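> Sharing my_file26.cif, mmCIF, C-alpha atoms:
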```cif
data_final
#
loop_
_atom_site.label_atom_id
_atom_site.label_comp_id
_atom_site.auth_asym_id
_atom_site.auth_seq_id
_atom_site.Cartn_x
_atom_site.Cartn_y
_atom_site.Cartn_z
CA MET A 245 19.88 -23.43 23.35
CA SER A 246 17.55 -21.25 21.27
CA GLN A 247 16.01 -18.22 22.99
CA THR A 248 12.95 -18.64 20.80
CA PRO A 249 12.33 -22.40 20.83
CA LYS A 250 8.64 -22.25 19.90
CA SER A 251 9.36 -20.14 16.82
CA GLU A 252 12.23 -22.39 15.78
CA LYS A 253 10.05 -25.47 16.15
CA LEU A 254 7.28 -23.93 14.04
CA PHE A 255 9.75 -22.87 11.36
CA ASN A 256 11.23 -26.36 11.17
CA ARG A 257 7.72 -27.62 10.39
CA ALA A 258 7.04 -24.78 7.94
CA ILE A 259 10.21 -25.23 5.90
CA LYS A 260 9.09 -28.74 5.00
CA VAL A 261 5.82 -27.63 3.42
CA LEU A 262 6.23 -23.95 2.44
CA PRO A 263 8.90 -22.51 0.08
CA GLY A 264 11.33 -20.81 2.46
CA GLY A 265 8.94 -21.64 5.29
CA ILE A 266 6.58 -18.77 4.37
CA SER A 267 3.65 -17.84 2.12
CA ARG A 268 4.50 -14.13 1.78
CA ASN A 269 7.93 -12.55 1.63
CA ALA A 270 6.74 -9.59 3.69
CA ILE A 271 7.29 -11.60 6.91
CA PHE A 272 10.65 -13.09 5.89
CA ARG A 273 13.51 -12.64 8.32
CA LYS A 274 16.50 -14.68 9.46
CA PRO A 275 16.75 -17.10 11.11
CA TYR A 276 12.94 -17.38 10.93
CA PRO A 277 9.80 -15.22 11.08
CA PHE A 278 8.03 -13.98 14.16
CA TYR A 279 4.88 -16.00 14.81
CA ALA A 280 1.86 -14.22 16.26
CA ALA A 281 -0.14 -15.62 19.15
CA HIS A 282 -2.70 -12.83 19.55
CA GLY A 283 -3.22 -9.11 19.18
CA LYS A 284 -5.21 -6.46 21.01
CA GLY A 285 -5.42 -2.80 20.12
CA CYS A 286 -2.05 -1.66 18.83
CA TYR A 287 -0.12 -4.51 20.48
CA ILE A 288 0.75 -7.92 19.14
CA THR A 289 2.11 -10.80 21.22
CA ASP A 290 4.19 -13.53 19.62
CA ILE A 291 4.21 -17.22 20.54
CA GLU A 292 7.23 -16.68 22.81
CA GLY A 293 5.15 -14.23 24.88
CA VAL A 294 6.94 -11.08 23.65
CA LYS A 295 4.60 -8.09 23.35
CA ARG A 296 5.32 -5.39 20.78
CA ILE A 297 3.67 -2.20 19.54
CA ASP A 298 2.46 -2.98 16.03
CA PHE A 299 3.57 -0.33 13.52
CA ALA A 300 3.03 -2.75 10.62
CA ASN A 301 -0.70 -3.50 11.03
CA ASN A 302 -0.62 -6.31 8.48
CA MET A 303 0.81 -4.07 5.78
CA ALA A 304 -1.68 -1.21 6.34
CA SER A 305 -4.82 -3.35 6.33
CA LEU A 306 -5.66 -3.02 10.04
CA ILE A 307 -6.66 0.63 10.32
CA HIS A 308 -8.14 0.02 13.79
CA GLY A 309 -5.48 -2.35 15.08
CA HIS A 310 -6.33 -5.76 16.48
CA CYS A 311 -9.65 -7.03 17.86
CA ASN A 312 -11.55 -3.76 17.73
CA GLU A 313 -14.76 -4.46 19.67
CA ALA A 314 -17.16 -2.70 17.30
CA LEU A 315 -15.62 -4.49 14.34
CA ASN A 316 -15.71 -7.84 16.11
CA ASP A 317 -19.38 -7.37 16.96
CA ALA A 318 -20.21 -6.65 13.32
CA ILE A 319 -18.25 -9.70 12.16
CA LYS A 320 -19.89 -11.98 14.74
CA SER A 321 -23.35 -10.78 13.74
CA GLN A 322 -22.73 -11.94 10.17
CA LEU A 323 -20.93 -15.16 11.11
CA ASP A 324 -24.13 -16.81 12.33
CA LYS A 325 -25.93 -15.85 9.10
CA GLY A 326 -23.39 -17.33 6.71
CA ILE A 327 -19.98 -16.45 5.35
CA ALA A 328 -20.43 -16.71 1.57
CA PHE A 329 -23.23 -17.42 -0.90
CA THR A 330 -23.75 -17.77 -4.63
CA MET A 331 -26.20 -14.94 -4.13
CA GLY A 332 -25.94 -11.24 -3.56
CA THR A 333 -26.46 -9.79 -0.09
CA GLU A 334 -27.79 -6.51 1.24
CA ALA A 335 -24.44 -6.02 2.97
CA GLU A 336 -22.78 -5.49 -0.43
CA ILE A 337 -25.33 -2.88 -1.45
CA GLU A 338 -25.12 -1.03 1.86
CA PHE A 339 -21.34 -0.85 1.66
CA ALA A 340 -21.47 0.28 -1.97
CA GLU A 341 -23.97 3.02 -1.06
CA TYR A 342 -21.69 4.21 1.72
CA MET A 343 -18.57 4.28 -0.48
CA THR A 344 -20.19 6.05 -3.42
CA GLU A 345 -21.63 8.68 -1.09
CA ARG A 346 -18.32 9.28 0.70
CA PHE A 347 -16.01 9.52 -2.33
CA THR A 348 -16.90 12.09 -4.98
CA SER A 349 -15.26 10.25 -7.91
CA PHE A 350 -17.16 7.02 -7.22
CA ASP A 351 -20.37 6.61 -9.23
CA LYS A 352 -20.17 2.82 -9.26
CA ILE A 353 -18.03 0.30 -7.38
CA ARG A 354 -17.14 -3.37 -7.94
CA PHE A 355 -15.73 -5.38 -5.02
CA VAL A 356 -12.90 -7.88 -5.52
CA ASN A 357 -10.52 -9.77 -3.22
CA SER A 358 -7.23 -7.88 -3.03
CA GLY A 359 -5.48 -4.67 -4.00
CA THR A 360 -3.63 -6.57 -6.72
CA GLU A 361 -6.93 -7.76 -8.16
CA ALA A 362 -8.29 -4.21 -8.02
CA ILE A 363 -5.34 -2.92 -10.06
CA MET A 364 -5.74 -5.80 -12.51
CA ALA A 365 -9.38 -4.86 -12.92
CA ALA A 366 -8.46 -1.18 -13.40
CA ILE A 367 -6.02 -2.04 -16.18
CA ARG A 368 -8.46 -4.37 -17.93
CA ALA A 369 -11.33 -1.89 -17.61
CA SER A 370 -9.11 0.86 -19.05
CA ARG A 371 -8.20 -1.28 -22.03
CA ALA A 372 -11.82 -2.30 -22.58
CA TYR A 373 -13.05 1.29 -22.43
CA THR A 374 -10.34 2.98 -24.54
CA GLY A 375 -9.61 0.22 -27.02
CA LYS A 376 -5.91 0.83 -26.33
CA VAL A 377 -3.44 -1.49 -24.64
CA LYS A 378 -0.46 0.21 -23.01
CA ILE A 379 -0.35 1.46 -19.43
CA ALA A 380 1.95 4.06 -17.87
CA LYS A 381 3.32 4.10 -14.33
CA ALA A 382 6.03 5.76 -12.29
CA GLU A 383 9.41 4.07 -11.98
CA GLY A 384 9.65 2.19 -8.67
CA ALA A 385 5.93 2.30 -7.89
CA TYR A 386 4.37 -0.89 -6.57
CA HIS A 387 0.89 -1.63 -7.88
CA GLY A 388 0.47 -5.27 -6.93
CA ALA A 389 1.69 -8.65 -8.14
CA TYR A 390 0.72 -8.51 -11.83
CA ASP A 391 3.08 -8.77 -14.79
CA TYR A 392 2.18 -5.33 -16.18
CA ALA A 393 1.75 -3.50 -12.88
CA GLU A 394 5.07 -4.58 -11.37
CA VAL A 395 7.32 -3.57 -14.29
CA SER A 396 10.38 -1.59 -13.11
CA GLU A 397 9.30 -1.53 -9.47
CA ASN A 398 12.75 -2.77 -8.39
CA SER A 399 15.05 -1.35 -11.07
CA LYS A 400 18.68 -0.85 -10.07
CA PRO A 401 21.45 1.49 -11.25
CA ASP A 402 22.90 -1.21 -13.47
CA ASN A 403 19.63 -1.76 -15.36
CA TRP A 404 17.36 1.26 -14.91
CA GLY A 405 18.71 3.03 -17.99
CA ASP A 406 18.56 6.69 -19.01
CA ILE A 407 16.28 8.88 -16.91
CA GLU A 408 14.89 10.30 -20.16
CA ALA A 409 13.63 6.81 -21.10
CA PRO A 410 13.76 4.36 -18.17
CA ASN A 411 14.12 0.67 -18.99
CA ASN A 412 11.28 -1.81 -18.58
CA ASN A 413 12.57 -4.37 -16.10
CA PRO A 414 10.70 -7.47 -14.89
CA VAL A 415 10.33 -8.56 -11.28
CA VAL A 416 9.70 -12.24 -11.97
CA PHE A 417 12.23 -14.20 -14.02
CA ASN A 418 11.10 -14.92 -17.58
CA THR A 419 8.24 -12.42 -17.58
CA PRO A 420 7.17 -12.25 -21.24
CA LYS A 421 8.79 -9.43 -23.18
CA SER A 422 5.38 -8.77 -24.69
CA ALA A 423 4.12 -7.77 -21.22
CA LEU A 424 7.10 -5.48 -20.63
CA ASP A 425 6.57 -3.79 -23.98
CA GLU A 426 3.03 -2.76 -23.03
CA VAL A 427 4.23 -0.62 -20.10
CA VAL A 428 5.55 2.94 -20.26
CA ILE A 429 7.80 3.98 -17.37
CA PHE A 430 8.29 7.61 -16.37
CA PRO A 431 10.27 9.13 -13.45
CA PHE A 432 8.42 9.91 -10.23
CA ASN A 433 8.04 13.59 -9.27
CA ASP A 434 9.74 14.72 -12.50
CA ILE A 435 6.96 16.28 -14.53
CA GLU A 436 8.99 17.56 -17.49
CA ARG A 437 10.57 14.18 -18.23
CA ALA A 438 7.31 12.37 -17.51
CA ILE A 439 5.37 14.46 -20.03
CA ASN A 440 8.08 14.03 -22.67
CA ILE A 441 7.88 10.27 -22.29
CA LEU A 442 4.09 10.16 -22.25
CA ASP A 443 3.87 12.32 -25.37
CA ARG A 444 5.78 9.66 -27.30
CA HIS A 445 3.19 7.00 -26.40
CA ALA A 446 -0.04 9.00 -26.15
CA LYS A 447 -1.89 7.25 -28.99
CA ASP A 448 -1.27 3.80 -27.45
CA LEU A 449 -2.00 4.47 -23.77
CA ALA A 450 -5.12 3.13 -22.06
CA CYS A 451 -4.32 4.57 -18.63
CA ILE A 452 -1.85 6.22 -16.28
CA ILE A 453 -1.65 4.72 -12.77
CA LEU A 454 -0.72 7.14 -9.99
CA ASP A 455 -0.03 6.69 -6.27
CA ALA A 456 0.14 9.83 -4.13
CA ILE A 457 2.41 8.29 -1.46
CA PRO A 458 4.01 5.26 -3.15
CA HIS A 459 5.26 2.72 -0.62
CA ARG A 460 8.11 1.16 -2.60
CA ILE A 461 9.37 4.64 -3.50
CA GLY A 462 9.68 5.21 0.23
CA PHE A 463 6.39 6.90 1.12
CA ILE A 464 7.69 10.01 -0.62
CA PRO A 465 4.67 12.28 -1.21
CA ALA A 466 3.93 13.14 -4.81
CA GLN A 467 4.23 16.82 -5.64
CA LYS A 468 0.91 18.58 -6.23
CA HIS A 469 2.03 20.02 -9.57
CA TYR A 470 3.19 16.59 -10.71
CA MET A 471 -0.14 14.90 -9.96
CA GLU A 472 -2.32 17.65 -11.39
CA THR A 473 -0.23 18.07 -14.54
CA LEU A 474 -0.34 14.34 -15.26
CA ALA A 475 -4.10 14.33 -14.66
CA LYS A 476 -4.56 17.21 -17.10
CA TRP A 477 -2.34 15.48 -19.67
CA ALA A 478 -4.39 12.29 -19.37
CA LYS A 479 -7.65 14.13 -19.94
CA ASN A 480 -6.27 16.05 -22.92
CA ASN A 481 -5.00 12.84 -24.52
CA SER A 482 -8.07 10.63 -23.89
CA VAL A 483 -6.08 8.45 -21.49
CA LEU A 484 -7.80 7.21 -18.33
CA LEU A 485 -6.47 8.36 -14.96
CA VAL A 486 -6.27 5.55 -12.40
CA PHE A 487 -5.53 6.31 -8.76
CA ASP A 488 -3.97 3.50 -6.73
CA GLU A 489 -5.42 4.14 -3.26
CA VAL A 490 -4.86 0.65 -1.91
CA ILE A 491 -2.85 2.18 0.94
CA THR A 492 -3.54 5.91 0.58
CA LEU A 493 -7.32 5.83 0.98
CA ARG A 494 -6.56 6.24 4.71
CA ALA A 495 -4.94 9.63 4.05
CA ASP A 496 -8.10 11.72 4.30
CA LEU A 497 -11.88 11.53 4.37
CA GLY A 498 -11.91 11.52 0.56
CA GLY A 499 -8.68 9.58 0.18
CA ALA A 500 -5.39 11.05 -1.04
CA GLN A 501 -7.10 12.09 -4.28
CA SER A 502 -8.92 14.78 -2.31
CA TRP A 503 -5.58 16.57 -1.86
CA PHE A 504 -5.42 17.40 -5.56
CA ASN A 505 -7.56 19.22 -8.07
CA VAL A 506 -8.22 15.98 -9.97
CA LYS A 507 -11.01 13.49 -10.48
CA PRO A 508 -9.70 10.05 -11.43
CA ASP A 509 -11.66 7.95 -13.88
CA LEU A 510 -10.97 4.85 -11.79
CA THR A 511 -9.74 4.19 -8.26
CA ALA A 512 -8.28 0.90 -7.03
CA MET A 513 -8.60 0.11 -3.32
CA GLY A 514 -7.83 -2.61 -0.81
CA LYS A 515 -6.29 -2.96 2.65
CA MET A 516 -8.41 -1.06 5.20
CA ILE A 517 -11.71 -1.27 3.32
CA GLY A 518 -11.96 -4.95 4.30
CA GLY A 519 -11.89 -4.40 8.05
CA GLY A 520 -9.09 -6.96 8.32
CA PHE A 521 -10.42 -9.40 5.70
CA PRO A 522 -9.00 -9.89 2.19
CA VAL A 523 -10.52 -7.23 -0.05
CA GLY A 524 -10.17 -5.03 -3.07
CA ALA A 525 -12.44 -2.70 -5.00
CA LEU A 526 -12.57 -0.79 -8.24
CA ALA A 527 -14.66 2.38 -8.41
CA GLY A 528 -15.13 5.12 -10.96
CA SER A 529 -17.40 7.06 -13.26
CA ASN A 530 -20.65 5.65 -14.59
CA GLU A 531 -19.30 5.83 -18.12
CA VAL A 532 -16.10 3.86 -17.53
CA MET A 533 -17.60 1.37 -15.10
CA GLN A 534 -20.20 0.53 -17.75
CA VAL A 535 -17.67 -1.88 -19.31
CA LEU A 536 -18.43 -4.22 -16.38
CA ASN A 537 -22.20 -4.05 -16.72
CA PRO A 538 -23.66 -7.49 -17.55
CA LEU A 539 -26.89 -5.78 -18.70
CA SER A 540 -25.08 -4.20 -21.64
CA ASP A 541 -25.77 -5.47 -25.13
CA LYS A 542 -22.05 -6.17 -25.42
CA VAL A 543 -20.17 -6.79 -22.19
CA LEU A 544 -16.63 -5.49 -22.76
CA PHE A 545 -15.22 -6.76 -19.46
CA PRO A 546 -16.89 -9.91 -18.06
CA HIS A 547 -15.86 -10.17 -14.43
CA SER A 548 -16.56 -12.45 -11.50
CA GLY A 549 -14.89 -13.83 -8.38
CA THR A 550 -15.83 -16.61 -5.99
CA PHE A 551 -15.35 -14.53 -2.85
CA SER A 552 -15.93 -11.06 -4.27
CA ALA A 553 -18.30 -9.06 -2.03
CA ASN A 554 -18.71 -11.92 0.44
CA PRO A 555 -20.83 -10.66 3.36
CA MET A 556 -18.14 -11.17 6.00
CA THR A 557 -15.83 -8.75 4.24
CA MET A 558 -18.65 -6.34 3.36
CA VAL A 559 -19.87 -6.09 6.96
CA ALA A 560 -16.35 -5.73 8.37
CA GLY A 561 -15.27 -3.23 5.74
CA HIS A 562 -18.37 -1.09 6.10
CA LYS A 563 -17.94 -0.88 9.85
CA ALA A 564 -14.20 -0.15 9.56
CA MET A 565 -14.86 2.75 7.21
CA GLN A 566 -17.65 4.14 9.39
CA LEU A 567 -15.22 4.12 12.32
CA PHE A 568 -12.65 6.05 10.27
CA GLU A 569 -14.18 9.44 9.66
CA GLY A 570 -13.59 13.04 10.71
CA GLN A 571 -11.98 13.17 14.14
CA GLU A 572 -10.37 9.73 13.89
CA ILE A 573 -8.60 10.67 10.65
CA THR A 574 -7.40 13.99 12.09
CA LYS A 575 -6.22 12.33 15.28
CA LEU A 576 -4.30 9.62 13.44
CA ASN A 577 -2.63 12.04 11.03
CA ASN A 578 -1.68 14.32 13.92
CA LEU A 579 -0.09 11.36 15.72
CA ALA A 580 1.94 10.61 12.59
CA ASP A 581 3.06 14.24 12.36
CA ARG A 582 4.18 14.04 16.00
CA MET A 583 6.07 10.84 15.27
CA ARG A 584 7.89 12.27 12.25
CA GLN A 585 8.82 15.37 14.25
CA GLN A 586 10.21 13.24 17.07
CA ILE A 587 12.11 11.04 14.61
CA ASN A 588 13.75 14.14 13.18
CA GLU A 589 14.61 15.31 16.69
CA ALA A 590 16.17 11.93 17.49
CA ILE A 591 18.19 12.03 14.26
CA SER A 592 19.50 15.47 15.20
CA ILE A 593 20.36 14.44 18.76
CA ALA A 594 22.13 11.26 17.66
CA ASP A 595 23.78 13.13 14.76
CA VAL A 596 23.33 10.35 12.20
CA PRO A 597 22.82 10.52 8.40
CA VAL A 598 19.18 9.43 8.48
CA CYS A 599 15.91 11.03 7.37
CA VAL A 600 12.19 10.32 7.42
CA THR A 601 9.52 10.78 4.76
CA GLY A 602 5.79 10.22 4.70
CA ALA A 603 2.37 11.82 4.78
CA ALA A 604 -0.86 11.25 6.66
CA SER A 605 -0.45 8.08 8.77
CA VAL A 606 2.38 6.37 6.84
CA SER A 607 6.13 7.01 7.09
CA LYS A 608 9.49 5.55 6.16
CA ILE A 609 12.96 5.94 7.67
CA HIS A 610 15.82 6.23 5.17
CA MET A 611 19.45 5.51 5.91
CA MET A 612 20.61 8.64 4.09
CA ALA A 613 21.09 12.25 5.12
CA GLU A 614 19.36 13.96 2.19
CA THR A 615 15.59 13.54 1.95
CA PRO A 616 14.79 11.71 -1.31
CA THR A 617 12.16 13.02 -3.72
CA SER A 618 12.28 10.30 -6.38
CA TYR A 619 12.82 6.57 -6.81
CA ARG A 620 16.42 6.97 -7.91
CA ASP A 621 17.15 9.29 -4.96
CA HIS A 622 15.60 6.71 -2.66
CA PHE A 623 17.51 3.72 -4.04
CA LYS A 624 19.20 1.75 -1.25
CA THR A 625 22.78 0.56 -1.37
CA LYS A 626 23.77 -2.73 0.23
CA LYS A 627 25.05 -0.80 3.25
CA MET A 628 21.77 1.06 3.61
CA LYS A 629 19.81 -2.20 3.52
CA GLN A 630 22.06 -3.62 6.22
CA LEU A 631 21.44 -0.56 8.38
CA GLU A 632 17.70 -0.82 7.81
CA ASN A 633 17.69 -4.46 8.88
CA ARG A 634 19.78 -3.58 11.90
CA LEU A 635 17.26 -0.92 12.94
CA ILE A 636 14.28 -3.22 12.38
CA GLU A 637 15.85 -5.96 14.50
CA TYR A 638 16.85 -3.51 17.24
CA MET A 639 13.32 -2.13 17.43
CA ALA A 640 11.80 -5.62 17.46
CA ALA A 641 14.13 -6.67 20.27
CA ASN A 642 12.91 -3.64 22.23
CA GLY A 643 9.18 -4.03 21.77
CA VAL A 644 8.44 -2.29 18.45
CA LEU A 645 7.37 -4.05 15.24
CA MET A 646 8.06 -2.23 11.95
CA VAL A 647 7.37 -3.09 8.32
CA GLY A 648 10.33 -4.86 6.66
CA THR A 649 10.90 -1.86 4.40
CA CYS A 650 11.68 0.26 7.48
CA SER A 651 8.21 1.77 7.23
CA LEU A 652 5.68 2.72 9.89
CA ILE A 653 1.91 2.47 9.49
CA LEU A 654 -0.28 3.73 12.30
CA SER A 655 -3.67 2.53 13.56
CA THR A 656 -6.45 4.32 15.42
CA ALA A 657 -5.73 2.11 18.44
CA MET A 658 -2.54 4.11 19.06
CA GLU A 659 -2.16 6.97 21.48
CA THR A 660 0.59 9.48 22.27
CA LYS A 661 2.30 7.04 24.64
CA GLU A 662 2.96 4.55 21.82
CA ILE A 663 4.42 7.29 19.62
CA ASP A 664 6.64 8.49 22.46
CA ARG A 665 7.72 4.91 23.17
CA PHE A 666 8.69 4.47 19.53
CA SER A 667 10.67 7.72 19.47
CA GLU A 668 12.57 6.88 22.64
CA THR A 669 13.46 3.44 21.33
CA PHE A 670 14.45 4.88 17.97
CA LEU A 671 16.79 7.39 19.62
CA ASN A 672 18.45 4.59 21.56
CA ALA A 673 18.83 2.62 18.34
CA MET A 674 20.48 5.55 16.55
CA ARG A 675 22.90 6.04 19.42
CA ASP A 676 23.70 2.34 19.44
CA MET A 677 24.20 2.25 15.64
CA LYS A 678 26.04 5.55 15.26
CA ASP A 679 29.48 4.07 14.53
CA GLU A 680 28.00 1.79 11.85
CA PHE A 681 27.17 4.75 9.58
CA VAL A 682 30.85 5.46 8.96
#
```
Could you show the structure in this file as structure tokens?

Amino acid sequence: MSQTPKSEKLFNRAIKVLPGGISRNAIFRKPYPFYAAHGKGCYITDIEGVKRIDFANNMASLIHGHCNEALNDAIKSQLDKGIAFTMGTEAEIEFAEYMTERFTSFDKIRFVNSGTEAIMAAIRASRAYTGKVKIAKAEGAYHGAYDYAEVSENSKPDNWGDIEAPNNNPVVFNTPKSALDEVVIFPFNDIERAINILDRHAKDLACIILDAIPHRIGFIPAQKHYMETLAKWAKNNSVLLVFDEVITLRADLGGAQSWFNVKPDLTAMGKMIGGGFPVGALAGSNEVMQVLNPLSDKVLFPHSGTFSANPMTMVAGHKAMQLFEGQEITKLNNLADRMRQQINEAISIADVPVCVTGAASVSKIHMMAETPTSYRDHFKTKKMKQLENRLIEYMAANGVLMVGTCSLILSTAMETKEIDRFSETFLNAMRDMKDEFV
């Protein structure tokens, strides 16, 4: 008899109407996904009644955890007024005023519906502004589900090619070669090789897209020299600099871009700026954002979206950002530092070939002894993936929910006790798995 009969019953219904029984691969697991019943604070309870600490937070979108009272009050206040209109609302303007005041590189902002859509808009705006077509990105970096943006995000040793000129590999079968050809791939955290590659394509590049703590590269922080040198190169070559802050905006009061001596031309956002609702945004300088202006004599980038800037998202996002300032950011980042320190202590005590990377309030555990600094260093063998899955399942069975990439994303609802609980459970997992590393 199944120990999770409610989940099995739901999955048997789902498999009949959803490919693989799911709508997003992020929740995929065997024999079937966990199904949520409700969440409160940093805890989530599944339909079987099992309560877990949530270190996934809907893939970094729930900066304040579940059912934050101040957020809920803001959402309820808008609900009775209407959820969407073919009209503008003051809520959109108020949120835009807040964002452009908080972030120094934002003169104008345009709201969209997801991080993927924000990156799409950034690429299209860059092409419209520069009159050039190609984009450049780091090997392994995830920038959303878009033909151009996802090139070479999952390259493998048998197809990634020479490090001096990485191959352009598709994610989706039969992606047009024409799309692949418009993307320039350079190695992450390797400035000399990156510049050599970019120099060869300078006259054709519309933009460079950078992520300071790229998730699919394992939340490995970008080196300061790497980011600032690429930014300088972009400026010197009339190539737009795009920061992907869909996840990293949580890193500091001014986002991760505030860590570097740079000012991006465009910034793509999503996740936490929606207060739990689907959201994206593109912000940047007055000059570049002008391509979106419908008052222009010639509109270079006509843009619209049925649910863009809907008042529910605007109200929730505005409140979420107001609740994530100053002390809350410091507290959350300090909790993450404590967690990474305790993870390292557990690794040492258990004496296993494991390491942890991350910055601010995001981290990833790697099933390797040496700390990776690049995508190719971080690449996971089949054995490593098996060990990751084993850890994720062990933690879930003992009350801790992780991201399927073996990542950890904190929320302001967490306290020291949740971090300590994670570390204790992780140490037990490492002790239990020790013989499997051989």
> Starting from the shown file, work through the PyMOL selection byres ((chain A and resi 434) around 10) and note down what comes out as a list in words.
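Residues picked by the PyMOL selection byres ((chain A and resi 434) around 10): Ala382, Ile407, Phe430, Pro431, Phe432, Asn433, Ile435, Glu436, Arg437, Ala438, Ile439, Ala466, Gln467, His469, Tyr470, Thr617 and Ser618 of chain A.
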> To verify the selection step, state as number ranges by chain which residues the PyMOL selection byres ((chain A and resi 365) around 9) yields on this input.
A: 356, 360-364, 366-370, 512, 525-526, 545, 547
> Now that the selection is made, can you save its residues with C-alpha atoms as a PDB file, in the frame of the given file?

```
ATOM      1  CA  VAL A 356     -12.900  -7.880  -5.520  1.00  0.00           C
ATOM      2  CA  THR A 360      -3.630  -6.570  -6.720  1.00  0.00           C
ATOM      3  CA  GLU A 361      -6.930  -7.760  -8.160  1.00  0.00           C
ATOM      4  CA  ALA A 362      -8.290  -4.210  -8.020  1.00  0.00           C
ATOM      5  CA  ILE A 363      -5.340  -2.920 -10.060  1.00  0.00           C
ATOM      6  CA  MET A 364      -5.740  -5.800 -12.510  1.00  0.00           C
ATOM      7  CA  ALA A 366      -8.460  -1.180 -13.400  1.00  0.00           C
ATOM      8  CA  ILE A 367      -6.020  -2.040 -16.180  1.00  0.00           C
ATOM      9  CA  ARG A 368      -8.460  -4.370 -17.930  1.00  0.00           C
ATOM     10  CA  ALA A 369     -11.330  -1.890 -17.610  1.00  0.00           C
ATOM     11  CA  SER A 370      -9.110   0.860 -19.050  1.00  0.00           C
ATOM     12  CA  ALA A 512      -8.280   0.900  -7.030  1.00  0.00           C
ATOM     13  CA  ALA A 525     -12.440  -2.700  -5.000  1.00  0.00           C
ATOM     14  CA  LEU A 526     -12.570  -0.790  -8.240  1.00  0.00           C
ATOM     15  CA  PHE A 545     -15.220  -6.760 -19.460  1.00  0.00           C
ATOM     16  CA  HIS A 547     -15.860 -10.170 -14.430  1.00  0.00           C
TER      17      HIS A 547
END
```
> Quote the spacing between atom CA of A:Thr511 and atom CA of A:Lys421 in Å to one decimal place.
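Atom CA of A:Lys421 lies 27.4 Å from atom CA of A:Thr511.
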> Please identify all polymer residues within 9 Å of A:Arg346, counting all atoms listed in the file, omitting same-chain residues fewer than 3 positions from it, and present them as an MDAnalysis selection string.
chainID A and resid 341:343 350 497:498
> Quick one: of A:Ala564, A:Leu449, A:Ala423, A:Leu635, who's nearest to A:Ile319, counting all atoms listed in the file?
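Using all atoms listed in the file, the shortest distance to A:Ile319 belongs to A:Ala564.
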> For stretch 615-619 of chain A, what centre and edge lengths in Å (one decimal) does the axis-aligned box get once 5 Å is added on each side of all its listed atoms, as lines of an AutoDock Vina configuration file?

```
center_x = 13.9
center_y = 10.1
center_z = -2.4
size_x = 13.4
size_y = 17.0
size_z = 18.8
```
> Any idea what's packed within 8 Å of stretch 657-662 of chain A, counting only C-alpha atoms, ignoring anything in its chain fewer than 2 positions away? Could you give it as a PyMOL selection string?
chain A and resi 285-286+297+308-309+579+654-655+664-666
> From the set A:Gly405, A:Pro508, A:Pro410, A:Gly514, which residue has the shortest atom-to-atom contact distance to A:Met565, counting all atoms listed in the file?
A:Gly514
> Could you pull the residues within 7 Å of A:Leu306, counting only C-alpha atoms, minus those fewer than 4 positions along the same chain, as a ChimeraX atom specification?
/A:301-302,516,519-520,655
> Which of these, A:Leu567, A:Leu645, A:Leu323, A:Val490, has the shortest distance to A:Ala280 once you count only C-alpha atoms?
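Of A:Leu567, A:Leu645, A:Leu323, A:Val490, the one nearest A:Ala280 is A:Leu645, counting only C-alpha atoms.
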> Written as a list in words, which residues does the PyMOL selection byres ((chain A and resi 574) around 12) give for the file shown?
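Those residues are Arg494, Ala495, Asp496, Leu497, Phe568, Glu569, Gly570, Gln571, Glu572, Ile573, Lys575, Leu576, Asn577, Asn578, Leu579, Ala580, Asp581, Ala604, Ser605 and Thr656 of chain A.
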> Got a sec to check which residues sit within 12 Å of (5.0, -23.6, 10.0), counting only C-alpha atoms, and write them as JSON, numbers by chain?
{"A": [250, 251, 252, 253, 254, 255, 256, 257, 258, 259, 260, 261, 262, 263, 264, 265, 266, 267, 276, 277, 278, 279, 280]}
> Please, could you write that set of residues out with C-alpha atoms as a PDB file, in the frame of the given file?

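Contents of the output file result_3.pdb:
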```
ATOM      1  CA  LYS A 250       8.640 -22.250  19.900  1.00  0.00           C
ATOM      2  CA  SER A 251       9.360 -20.140  16.820  1.00  0.00           C
ATOM      3  CA  GLU A 252      12.230 -22.390  15.780  1.00  0.00           C
ATOM      4  CA  LYS A 253      10.050 -25.470  16.150  1.00  0.00           C
ATOM      5  CA  LEU A 254       7.280 -23.930  14.040  1.00  0.00           C
ATOM      6  CA  PHE A 255       9.750 -22.870  11.360  1.00  0.00           C
ATOM      7  CA  ASN A 256      11.230 -26.360  11.170  1.00  0.00           C
ATOM      8  CA  ARG A 257       7.720 -27.620  10.390  1.00  0.00           C
ATOM      9  CA  ALA A 258       7.040 -24.780   7.940  1.00  0.00           C
ATOM     10  CA  ILE A 259      10.210 -25.230   5.900  1.00  0.00           C
ATOM     11  CA  LYS A 260       9.090 -28.740   5.000  1.00  0.00           C
ATOM     12  CA  VAL A 261       5.820 -27.630   3.420  1.00  0.00           C
ATOM     13  CA  LEU A 262       6.230 -23.950   2.440  1.00  0.00           C
ATOM     14  CA  PRO A 263       8.900 -22.510   0.080  1.00  0.00           C
ATOM     15  CA  GLY A 264      11.330 -20.810   2.460  1.00  0.00           C
ATOM     16  CA  GLY A 265       8.940 -21.640   5.290  1.00  0.00           C
ATOM     17  CA  ILE A 266       6.580 -18.770   4.370  1.00  0.00           C
ATOM     18  CA  SER A 267       3.650 -17.840   2.120  1.00  0.00           C
ATOM     19  CA  TYR A 276      12.940 -17.380  10.930  1.00  0.00           C
ATOM     20  CA  PRO A 277       9.800 -15.220  11.080  1.00  0.00           C
ATOM     21  CA  PHE A 278       8.030 -13.980  14.160  1.00  0.00           C
ATOM     22  CA  TYR A 279       4.880 -16.000  14.810  1.00  0.00           C
ATOM     23  CA  ALA A 280       1.860 -14.220  16.260  1.00  0.00           C
TER      24      ALA A 280
END
```
